[in-house]
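What follows is the content of target23.txt (compact mmCIF, C-alpha atoms (C1' of nucleotides)).
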# COMPACT_ATOMS: atom_id res chain seq x y z
CA MET A 3 -206.25 0.60 133.48
CA SER A 4 -207.17 0.93 137.13
CA ASP A 5 -208.86 4.04 138.44
CA GLN A 6 -206.58 4.08 141.44
CA LEU A 7 -203.17 2.78 140.39
CA LYS A 8 -201.75 6.09 139.16
CA LEU A 9 -198.60 7.56 140.63
CA ASP A 10 -199.95 11.10 140.16
CA THR A 11 -202.65 10.48 142.73
CA PHE A 12 -200.46 8.93 145.45
CA ILE A 13 -199.89 11.21 148.40
CA CYS A 14 -197.37 8.67 149.69
CA PHE A 15 -195.30 9.28 146.57
CA ALA A 16 -195.45 13.05 147.08
CA VAL A 17 -194.22 12.56 150.65
CA TYR A 18 -191.55 10.06 149.59
CA THR A 19 -190.12 12.36 146.91
CA ALA A 20 -190.41 15.46 149.12
CA SER A 21 -188.33 13.64 151.72
CA HIS A 22 -185.62 12.99 149.12
CA ALA A 23 -185.84 16.60 147.98
CA PHE A 24 -185.18 17.81 151.54
CA ASN A 25 -182.17 15.54 151.69
CA ARG A 26 -180.73 17.06 148.53
CA VAL A 27 -181.09 20.57 149.96
CA TYR A 28 -179.60 19.56 153.30
CA LYS A 29 -176.66 17.62 151.90
CA PRO A 30 -174.29 20.51 151.05
CA LEU A 31 -175.15 22.29 154.31
CA LEU A 32 -174.59 19.20 156.46
CA ASP A 33 -171.44 18.19 154.60
CA GLU A 34 -169.92 21.33 156.13
CA LEU A 35 -170.71 19.93 159.57
CA GLY A 36 -169.65 16.37 158.80
CA LEU A 37 -173.18 15.07 159.41
CA THR A 38 -175.73 13.07 157.46
CA TYR A 39 -179.36 14.10 157.74
CA PRO A 40 -180.36 11.43 160.29
CA GLN A 41 -177.22 12.21 162.28
CA TYR A 42 -178.21 15.87 162.23
CA LEU A 43 -181.65 14.99 163.60
CA ALA A 44 -180.02 13.02 166.42
CA MET A 45 -177.74 15.94 167.22
CA VAL A 46 -180.66 18.41 167.20
CA CYS A 47 -182.43 16.11 169.64
CA LEU A 48 -179.39 16.04 171.93
CA TRP A 49 -178.85 19.80 171.68
CA GLU A 50 -182.40 20.14 172.98
CA GLU A 51 -181.74 17.72 175.82
CA ASP A 52 -178.34 16.24 176.60
CA GLY A 53 -178.06 12.89 178.37
CA GLN A 54 -180.92 11.09 176.63
CA THR A 55 -180.99 7.32 176.22
CA VAL A 56 -180.94 5.38 172.97
CA GLY A 57 -184.55 4.37 173.54
CA GLY A 58 -185.64 7.92 174.31
CA LEU A 59 -184.01 9.21 171.14
CA GLY A 60 -185.64 6.40 169.18
CA GLU A 61 -189.09 7.39 170.39
CA LYS A 62 -188.58 11.00 169.38
CA LEU A 63 -187.09 10.15 166.00
CA PHE A 64 -189.35 7.13 165.33
CA LEU A 65 -186.30 4.92 164.78
CA GLU A 66 -185.36 1.45 166.03
CA SER A 67 -182.21 0.62 167.96
CA SER A 68 -181.06 -1.35 164.92
CA THR A 69 -180.92 1.96 163.05
CA LEU A 70 -179.73 4.17 165.89
CA THR A 71 -176.91 2.08 167.34
CA PRO A 72 -174.68 2.20 164.24
CA LEU A 73 -175.58 5.85 163.62
CA LEU A 74 -174.67 6.80 167.20
CA LYS A 75 -171.42 4.86 166.97
CA ARG A 76 -170.52 6.96 163.94
CA LEU A 77 -171.33 10.15 165.88
CA GLU A 78 -169.10 8.85 168.66
CA THR A 79 -166.28 8.08 166.22
CA ALA A 80 -166.71 11.61 164.82
CA GLY A 81 -166.16 12.92 168.35
CA TYR A 82 -169.57 14.57 168.80
CA ILE A 83 -171.04 12.30 171.49
CA ARG A 84 -170.10 9.71 174.10
CA ARG A 85 -172.11 6.52 174.70
CA GLU A 86 -172.07 5.43 178.36
CA ARG A 87 -173.85 2.58 180.12
CA SER A 88 -176.02 3.90 182.93
CA LYS A 89 -174.82 3.03 186.44
CA GLN A 90 -178.39 2.71 187.74
CA ASP A 91 -179.51 0.40 184.94
CA GLU A 92 -176.79 -1.35 183.02
CA ARG A 93 -179.14 -2.09 180.12
CA VAL A 94 -179.47 1.60 179.28
CA VAL A 95 -177.00 3.59 177.19
CA VAL A 96 -176.89 7.32 177.92
CA LEU A 97 -175.80 9.73 175.18
CA ARG A 98 -173.74 12.77 176.13
CA LEU A 99 -172.50 15.59 173.94
CA THR A 100 -168.76 16.14 173.89
CA GLU A 101 -167.41 19.70 173.95
CA GLU A 102 -166.97 19.43 170.20
CA GLY A 103 -170.54 18.25 169.89
CA LYS A 104 -171.75 21.26 171.84
CA ARG A 105 -169.66 23.65 169.75
CA LEU A 106 -171.16 22.16 166.59
CA GLN A 107 -174.54 23.61 167.53
CA GLU A 108 -173.34 27.14 166.86
CA ARG A 109 -172.23 26.23 163.37
CA ALA A 110 -175.58 24.52 162.78
CA GLU A 111 -177.70 27.52 163.65
CA THR A 112 -177.73 28.91 160.14
CA VAL A 113 -179.09 25.67 158.68
CA PRO A 114 -182.82 26.01 159.46
CA GLY A 115 -182.94 29.43 157.81
CA CYS A 116 -181.37 28.03 154.63
CA ILE A 117 -183.98 25.28 154.52
CA ILE A 118 -186.85 27.73 154.96
CA ASP A 119 -185.44 29.87 152.16
CA ALA A 120 -185.14 26.84 149.88
CA SER A 121 -188.71 25.79 150.61
CA GLY A 122 -190.09 28.87 148.88
CA HIS A 123 -192.71 29.25 151.63
CA ASP A 124 -193.03 31.62 154.56
CA ALA A 125 -192.96 30.45 158.17
CA ASP A 126 -196.76 30.54 158.55
CA GLN A 127 -197.38 28.45 155.46
CA LEU A 128 -194.77 25.95 156.58
CA ALA A 129 -196.22 25.71 160.09
CA ARG A 130 -199.70 25.07 158.71
CA LEU A 131 -198.49 22.46 156.22
CA GLN A 132 -196.34 20.83 158.89
CA ALA A 133 -199.34 20.44 161.20
CA GLU A 134 -201.30 18.73 158.43
CA ILE A 135 -198.45 16.35 157.64
CA ILE A 136 -198.09 15.48 161.33
CA ALA A 137 -201.83 14.76 161.54
CA LEU A 138 -201.45 12.45 158.55
CA ARG A 139 -198.47 10.73 160.15
CA GLU A 140 -200.36 10.19 163.40
CA ALA A 141 -203.33 8.67 161.57
CA LEU A 142 -201.00 6.30 159.68
CA ASN A 143 -199.11 5.31 162.82
CA LYS A 144 -202.37 4.64 164.63
CA SER A 145 -203.56 2.48 161.78
CA ALA A 146 -200.28 0.52 161.58
CA SER A 147 -200.04 -0.19 165.29
CA MET B 104 -180.72 27.31 173.23
CA SER B 105 -181.29 28.31 169.64
CA ASP B 106 -184.59 29.73 168.48
CA GLN B 107 -184.50 27.57 165.38
CA LEU B 108 -182.83 24.30 166.27
CA LYS B 109 -185.94 22.51 167.53
CA LEU B 110 -187.17 19.27 166.01
CA ASP B 111 -190.81 20.26 166.63
CA THR B 112 -190.54 23.09 164.14
CA PHE B 113 -188.88 21.15 161.31
CA ILE B 114 -191.21 20.45 158.42
CA CYS B 115 -188.48 18.24 156.97
CA PHE B 116 -188.77 16.01 160.03
CA ALA B 117 -192.56 15.80 159.64
CA VAL B 118 -192.07 14.74 156.02
CA TYR B 119 -189.29 12.30 156.91
CA THR B 120 -191.35 10.57 159.61
CA ALA B 121 -194.54 10.62 157.51
CA SER B 122 -192.62 8.81 154.79
CA HIS B 123 -191.62 6.11 157.27
CA ALA B 124 -195.20 5.93 158.54
CA PHE B 125 -196.46 5.27 154.99
CA ASN B 126 -193.90 2.50 154.66
CA ARG B 127 -195.18 0.82 157.82
CA VAL B 128 -198.75 0.86 156.49
CA TYR B 129 -197.71 -0.40 153.07
CA LYS B 130 -195.44 -3.19 154.32
CA PRO B 131 -198.06 -5.86 155.16
CA LEU B 132 -200.01 -5.08 151.97
CA LEU B 133 -196.97 -5.26 149.72
CA ASP B 134 -195.58 -8.34 151.43
CA GLU B 135 -198.60 -10.13 149.95
CA LEU B 136 -197.41 -9.09 146.49
CA GLY B 137 -193.74 -9.81 147.12
CA LEU B 138 -192.82 -6.16 146.58
CA THR B 139 -191.02 -3.48 148.57
CA TYR B 140 -192.41 0.04 148.45
CA PRO B 141 -189.91 1.39 145.87
CA GLN B 142 -190.47 -1.75 143.77
CA TYR B 143 -194.21 -1.12 143.98
CA LEU B 144 -193.72 2.44 142.71
CA ALA B 145 -191.70 1.10 139.78
CA MET B 146 -194.42 -1.43 138.98
CA VAL B 147 -197.15 1.23 139.18
CA CYS B 148 -195.13 3.30 136.72
CA LEU B 149 -194.84 0.35 134.34
CA TRP B 150 -198.51 -0.56 134.66
CA GLU B 151 -199.25 2.98 133.53
CA GLU B 152 -196.87 2.66 130.58
CA ASP B 153 -195.09 -0.54 129.62
CA GLY B 154 -191.79 -0.42 127.74
CA GLN B 155 -190.22 2.54 129.53
CA THR B 156 -186.47 2.94 129.83
CA VAL B 157 -184.41 2.97 133.02
CA GLY B 158 -183.77 6.65 132.55
CA GLY B 159 -187.44 7.42 131.94
CA LEU B 160 -188.45 5.59 135.06
CA GLY B 161 -185.75 7.41 137.01
CA GLU B 162 -187.11 10.79 135.94
CA LYS B 163 -190.61 9.89 137.06
CA LEU B 164 -189.50 8.38 140.36
CA PHE B 165 -186.68 10.91 141.01
CA LEU B 166 -184.18 8.07 141.37
CA GLU B 167 -180.69 7.51 139.97
CA SER B 168 -179.62 4.51 137.90
CA SER B 169 -177.45 3.46 140.82
CA THR B 170 -180.65 2.94 142.79
CA LEU B 171 -182.84 1.64 139.99
CA THR B 172 -180.55 -0.92 138.37
CA PRO B 173 -180.33 -3.25 141.40
CA LEU B 174 -184.04 -2.73 142.17
CA LEU B 175 -185.02 -3.60 138.59
CA LYS B 176 -182.77 -6.65 138.63
CA ARG B 177 -184.67 -7.85 141.69
CA LEU B 178 -187.99 -7.29 139.90
CA GLU B 179 -186.58 -9.30 136.98
CA THR B 180 -185.47 -12.11 139.30
CA ALA B 181 -188.96 -12.07 140.83
CA GLY B 182 -190.34 -12.63 137.33
CA TYR B 183 -192.32 -9.38 137.05
CA ILE B 184 -190.30 -7.60 134.34
CA ARG B 185 -187.74 -8.19 131.60
CA ARG B 186 -184.77 -5.87 130.97
CA GLU B 187 -183.83 -5.67 127.27
CA ARG B 188 -181.24 -3.56 125.50
CA SER B 189 -182.86 -1.40 122.83
CA LYS B 190 -182.00 -2.39 119.23
CA GLN B 191 -182.02 1.24 118.08
CA ASP B 192 -179.72 2.45 120.86
CA GLU B 193 -177.67 -0.19 122.62
CA ARG B 194 -177.06 2.13 125.58
CA VAL B 195 -180.73 2.09 126.53
CA VAL B 196 -182.40 -0.64 128.58
CA VAL B 197 -186.14 -1.08 127.96
CA LEU B 198 -188.32 -2.49 130.74
CA ARG B 199 -191.19 -4.79 129.80
CA LEU B 200 -193.79 -6.38 132.05
CA THR B 201 -194.01 -10.16 131.97
CA GLU B 202 -197.42 -11.84 131.97
CA GLU B 203 -196.97 -12.39 135.70
CA GLY B 204 -196.10 -8.72 136.11
CA LYS B 205 -199.29 -7.75 134.29
CA ARG B 206 -201.39 -10.12 136.37
CA LEU B 207 -199.94 -8.60 139.56
CA GLN B 208 -201.75 -5.36 138.77
CA GLU B 209 -205.12 -6.93 139.51
CA ARG B 210 -203.96 -8.05 142.93
CA ALA B 211 -202.57 -4.57 143.61
CA GLU B 212 -205.80 -2.74 142.89
CA THR B 213 -207.06 -2.96 146.46
CA VAL B 214 -203.91 -1.33 147.88
CA PRO B 215 -204.64 2.38 147.25
CA GLY B 216 -208.01 2.09 148.99
CA CYS B 217 -206.36 0.56 152.06
CA ILE B 218 -203.88 3.42 152.19
CA ILE B 219 -206.60 6.05 151.91
CA ASP B 220 -208.49 4.34 154.74
CA ALA B 221 -205.37 4.25 156.91
CA SER B 222 -204.70 7.96 156.27
CA GLY B 223 -207.85 8.97 158.16
CA HIS B 224 -208.57 11.62 155.51
CA ASP B 225 -211.05 11.78 152.66
CA ALA B 226 -210.00 11.95 149.02
CA ASP B 227 -210.47 15.72 148.79
CA GLN B 228 -208.35 16.46 151.85
CA LEU B 229 -205.64 14.15 150.55
CA ALA B 230 -205.67 15.73 147.09
CA ARG B 231 -205.33 19.21 148.57
CA LEU B 232 -202.54 18.17 150.91
CA GLN B 233 -200.79 16.28 148.12
CA ALA B 234 -200.78 19.38 145.92
CA GLU B 235 -199.18 21.40 148.69
CA ILE B 236 -196.49 18.78 149.30
CA ILE B 237 -195.73 18.63 145.58
CA ALA B 238 -195.39 22.42 145.48
CA LEU B 239 -192.94 22.18 148.38
CA ARG B 240 -190.99 19.44 146.62
CA GLU B 241 -190.76 21.48 143.42
CA ALA B 242 -189.48 24.52 145.31
CA LEU B 243 -186.83 22.38 147.04
CA ASN B 244 -185.77 20.68 143.81
CA LYS B 245 -185.50 24.05 142.08
CA SER B 246 -183.36 25.37 144.90
CA ALA B 247 -181.07 22.30 144.93
CA SER B 248 -180.45 22.24 141.17
C1' DG C 166 -184.25 -16.68 196.12
C1' DG C 167 -184.29 -18.94 192.02
C1' DT C 168 -186.97 -19.12 187.65
C1' DT C 169 -189.42 -16.72 184.21
C1' DT C 170 -190.57 -12.64 181.87
C1' DT C 171 -189.77 -8.16 180.41
C1' DT C 172 -186.82 -4.48 178.91
C1' DA C 173 -182.77 -2.08 176.57
C1' DT C 174 -179.48 -2.38 173.38
C1' DA C 175 -176.84 -4.66 169.80
C1' DT C 176 -176.11 -7.70 165.68
C1' DC C 177 -177.24 -9.46 161.20
C1' DG C 178 -179.31 -9.71 156.63
C1' DC C 179 -181.64 -7.35 153.09
C1' DA C 180 -183.02 -3.42 150.37
C1' DC C 181 -182.81 1.18 149.36
C1' DA C 182 -180.44 5.90 148.08
C1' DC C 183 -176.81 8.49 146.35
C1' DG C 184 -172.14 10.27 144.93
C1' DA C 185 -168.13 8.98 142.41
C1' DC C 186 -166.53 6.47 139.00
C1' DA C 187 -166.42 2.86 135.09
C1' DT C 188 -168.00 1.15 130.70
C1' DA C 189 -170.08 1.04 126.43
C1' DT C 190 -172.47 3.20 122.84
C1' DT C 191 -173.86 7.10 120.13
C1' DA C 192 -173.24 11.83 118.57
C1' DT C 193 -170.25 15.62 117.25
C1' DG C 194 -166.58 18.27 115.23
C1' DG C 195 -162.45 18.76 112.84
C1' DC D 286 -163.17 9.26 109.33
C1' DC D 287 -161.25 9.66 113.48
C1' DA D 288 -160.76 11.76 117.97
C1' DT D 289 -163.58 13.75 121.46
C1' DA D 290 -167.62 14.63 123.88
C1' DA D 291 -172.08 13.40 125.46
C1' DT D 292 -175.35 9.90 126.98
C1' DA D 293 -177.25 5.60 129.29
C1' DT D 294 -176.52 2.29 132.33
C1' DG D 295 -173.87 -0.22 135.74
C1' DT D 296 -170.61 -0.84 139.85
C1' DC D 297 -168.84 0.31 144.29
C1' DG D 298 -168.60 2.31 148.89
C1' DT D 299 -171.07 4.47 152.67
C1' DG D 300 -175.00 5.22 155.42
C1' DT D 301 -179.51 4.54 156.53
C1' DG D 302 -183.97 1.71 157.85
C1' DC D 303 -186.16 -2.31 159.57
C1' DG D 304 -187.46 -7.17 160.92
C1' DA D 305 -185.68 -11.06 163.27
C1' DT D 306 -182.85 -12.51 166.55
C1' DA D 307 -179.24 -12.37 170.32
C1' DT D 308 -177.57 -10.85 174.74
C1' DA D 309 -177.54 -9.07 179.12
C1' DA D 310 -179.62 -6.88 182.88
C1' DA D 311 -183.60 -5.83 185.68
C1' DA D 312 -188.31 -6.99 187.22
C1' DA D 313 -191.92 -10.08 188.47
C1' DC D 314 -193.60 -14.15 190.30
C1' DC D 315 -194.07 -18.03 192.65

Written as structure tokens, how would this file's structure read?
Amino acid sequence: MSDQLKLDTFICFAVYTASHAFNRVYKPLLDELGLTYPQYLAMVCLWEEDGQTVGGLGEKLFLESSTLTPLLKRLETAGYIRRERSKQDERVVVLRLTEEGKRLQERAETVPGCIIDASGHDADQLARLQAEIIALREALNKSAS
Amino acid sequence: MSDQLKLDTFICFAVYTASHAFNRVYKPLLDELGLTYPQYLAMVCLWEEDGQTVGGLGEKLFLESSTLTPLLKRLETAGYIRRERSKQDERVVVLRLTEEGKRLQERAETVPGCIIDASGHDADQLARLQAEIIALREALNKSAS
DNA sequence: GGTTTTTATATCGCACACGACATATTATGG
DNA sequence: CCATAATATGTCGTGTGCGATATAAAAACC
């Protein structure tokens, strides 16, 4: 048996399963809003700054256009955003919140608190852990690029 | 603007993007072995203990049969495992490594070291961080159940 | 200014991931 | 012993994710 090939020792596996665990906690909350988790992230991004492009959103979310385009079309079908070609540069698609999309933000404001409660940690612990996970992510992204 | 609805403050988003970052680092390494990342996890699990059931693997990997069955069929098609109904209990499917599946372990032994290198952390830092992420996962799973 | 290159988005194929449901087998209770 | 419940796996539909490729528009370069 290898010294290294043990699931228990894989931090990647801890991250992978923690990501699924977050999804399970989010699911009932986001069902209320008619959003999936990645759709929720896109909406959070647009609530922070309306009128972003597909590419800009992709950079913030670390997602390709092949992932975002169908997701954004579903948000458009749901009535939360509009996708408009830019007049200045016809290659670019600008994303704009609809009135319904803006109203959704109010209903979403209770979500982060529920997640923090479910995490069983206080805000300081979470912030510290988050910073470490981001440092790990940046090291991995640097190595993969 | 909400106090809470900011992507920067979401630990879930850090975990979600870190998980993707791991995948990007693993991809070229696992391509050599003809495995995807979830398939690799399943193989690691079977290298640790051959002859496990679908359900047993699912408990360890936190995956449903609806995810595992197609994945395991692909591993069978690739020639790495066999899926056999148990004689004692015909409901159960037992997973057994083929000779090729066993040989693959040797080629996989260099992978964990590459991942540790790419993480930019030493083994102690990773172990400490892993323990914290697992604690977070357990709290989330407890809350969701 | 017309050709080439770059850029932004979209499409397609493949592989997860899960909830809801189906099927088959075993266990249970009268 | 027979009906019912519980268990293990599988199927199906929906929604990611991404690599490879396509398309169209803008930029760069003779």

Shell around DT169 in chain C at 12 Å using only C-alpha atoms (C1' of nucleotides), local window under 2 positions removed, as a count of residues only: 6

Shell of 7 Å around range 175-190 of chain C, only C-alpha atoms (C1' of nucleotides), local chain residues under 5 positions omitted, as a VMD selection string: chain B and resid 170 193 to 194

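Within 10 Å of chain C, and counting all atoms listed in the file, chain B contributes Thr139, Tyr140, Pro141, Gln142, Leu166, Glu167, Ser168, Ser169, Thr170, Leu171, Pro173, Leu174, Arg177, Asp192, Glu193, Arg194 and Val195 of chain B.
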
Kindly save the residues from that selection, with C-alpha atoms included, as a compact mmCIF listing (two decimals), in the coordinates of the input.
# COMPACT_ATOMS: atom_id res chain seq x y z
CA THR B 139 -191.02 -3.48 148.57
CA TYR B 140 -192.41 0.04 148.45
CA PRO B 141 -189.91 1.39 145.87
CA GLN B 142 -190.47 -1.75 143.77
CA LEU B 166 -184.18 8.07 141.37
CA GLU B 167 -180.69 7.51 139.97
CA SER B 168 -179.62 4.51 137.90
CA SER B 169 -177.45 3.46 140.82
CA THR B 170 -180.65 2.94 142.79
CA LEU B 171 -182.84 1.64 139.99
CA PRO B 173 -180.33 -3.25 141.40
CA LEU B 174 -184.04 -2.73 142.17
CA ARG B 177 -184.67 -7.85 141.69
CA ASP B 192 -179.72 2.45 120.86
CA GLU B 193 -177.67 -0.19 122.62
CA ARG B 194 -177.06 2.13 125.58
CA VAL B 195 -180.73 2.09 126.53

Dump as CSV the rows for residues of chain D within 9 Å of chain A: closest atom pair and distance in Å with one decimal, only C-alpha atoms (C1' of nucleotides) counted, ordered by chain and rising residue number.
residue,atom,partner,partner_atom,distance
D:DG300,C1',A:Thr38,CA,8.1
D:DT301,C1',A:Thr69,CA,7.2
D:DG302,C1',A:Thr69,CA,6.0
D:DC303,C1',A:Ser68,CA,7.5
D:DA309,C1',A:Arg93,CA,7.2
D:DA310,C1',A:Arg93,CA,5.5
D:DA311,C1',A:Asp91,CA,7.5

Proximal residues of chain B relative to chain A (all atoms listed in the file; 8 Å) as an mmCIF file with C-alpha atoms, keeping the file's coordinate frame:
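Result file follows (selection-v9.cif):
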data_model
loop_
_atom_site.group_PDB
_atom_site.id
_atom_site.type_symbol
_atom_site.label_atom_id
_atom_site.label_comp_id
_atom_site.auth_asym_id
_atom_site.auth_seq_id
_atom_site.Cartn_x
_atom_site.Cartn_y
_atom_site.Cartn_z
ATOM 1 C CA MET B 104 -180.720 27.310 173.230
ATOM 2 C CA SER B 105 -181.290 28.310 169.640
ATOM 3 C CA GLN B 107 -184.500 27.570 165.380
ATOM 4 C CA LEU B 108 -182.830 24.300 166.270
ATOM 5 C CA LYS B 109 -185.940 22.510 167.530
ATOM 6 C CA LEU B 110 -187.170 19.270 166.010
ATOM 7 C CA THR B 112 -190.540 23.090 164.140
ATOM 8 C CA PHE B 113 -188.880 21.150 161.310
ATOM 9 C CA ILE B 114 -191.210 20.450 158.420
ATOM 10 C CA CYS B 115 -188.480 18.240 156.970
ATOM 11 C CA ALA B 117 -192.560 15.800 159.640
ATOM 12 C CA VAL B 118 -192.070 14.740 156.020
ATOM 13 C CA TYR B 119 -189.290 12.300 156.910
ATOM 14 C CA THR B 120 -191.350 10.570 159.610
ATOM 15 C CA ALA B 121 -194.540 10.620 157.510
ATOM 16 C CA SER B 122 -192.620 8.810 154.790
ATOM 17 C CA ALA B 124 -195.200 5.930 158.540
ATOM 18 C CA PHE B 125 -196.460 5.270 154.990
ATOM 19 C CA ARG B 127 -195.180 0.820 157.820
ATOM 20 C CA VAL B 128 -198.750 0.860 156.490
ATOM 21 C CA LEU B 144 -193.720 2.440 142.710
ATOM 22 C CA VAL B 147 -197.150 1.230 139.180
ATOM 23 C CA CYS B 148 -195.130 3.300 136.720
ATOM 24 C CA TRP B 150 -198.510 -0.560 134.660
ATOM 25 C CA GLU B 151 -199.250 2.980 133.530
ATOM 26 C CA LEU B 164 -189.500 8.380 140.360
ATOM 27 C CA PHE B 165 -186.680 10.910 141.010
ATOM 28 C CA GLU B 212 -205.800 -2.740 142.890
ATOM 29 C CA PRO B 215 -204.640 2.380 147.250
ATOM 30 C CA GLY B 216 -208.010 2.090 148.990
ATOM 31 C CA ALA B 221 -205.370 4.250 156.910
ATOM 32 C CA SER B 222 -204.700 7.960 156.270
ATOM 33 C CA GLY B 223 -207.850 8.970 158.160
ATOM 34 C CA HIS B 224 -208.570 11.620 155.510
ATOM 35 C CA LEU B 229 -205.640 14.150 150.550
ATOM 36 C CA ALA B 230 -205.670 15.730 147.090
ATOM 37 C CA LEU B 232 -202.540 18.170 150.910
ATOM 38 C CA GLN B 233 -200.790 16.280 148.120
ATOM 39 C CA GLU B 235 -199.180 21.400 148.690
ATOM 40 C CA ILE B 236 -196.490 18.780 149.300
ATOM 41 C CA ILE B 237 -195.730 18.630 145.580
ATOM 42 C CA LEU B 239 -192.940 22.180 148.380
ATOM 43 C CA ARG B 240 -190.990 19.440 146.620
ATOM 44 C CA ALA B 242 -189.480 24.520 145.310
ATOM 45 C CA LEU B 243 -186.830 22.380 147.040
ATOM 46 C CA ASN B 244 -185.770 20.680 143.810
ATOM 47 C CA SER B 246 -183.360 25.370 144.900
ATOM 48 C CA ALA B 247 -181.070 22.300 144.930
#

Can you sort out the box for range 50-62 of chain A, edges along x, y and z, all listed atoms in, 8 Å on every side, with centre and edge lengths in Å to one decimal, as JSON?
{"center_x": -183.6, "center_y": 12.3, "center_z": 173.8, "size_x": 27.0, "size_y": 31.8, "size_z": 25.2}

Can you tell me how far CA of Gly36 in chain A sits from CA of Glu78 in chain A, in Å to one decimal? 12.4 Å

Please compute the CA of Gly182 in chain B-C1' of DT292 in chain D distance, one decimal, in Å. 29.0 Å

Could you please determine the separation between CA of Arg87 in chain A and CA of Thr55 in chain A in Å, to one decimal place? 9.4 Å
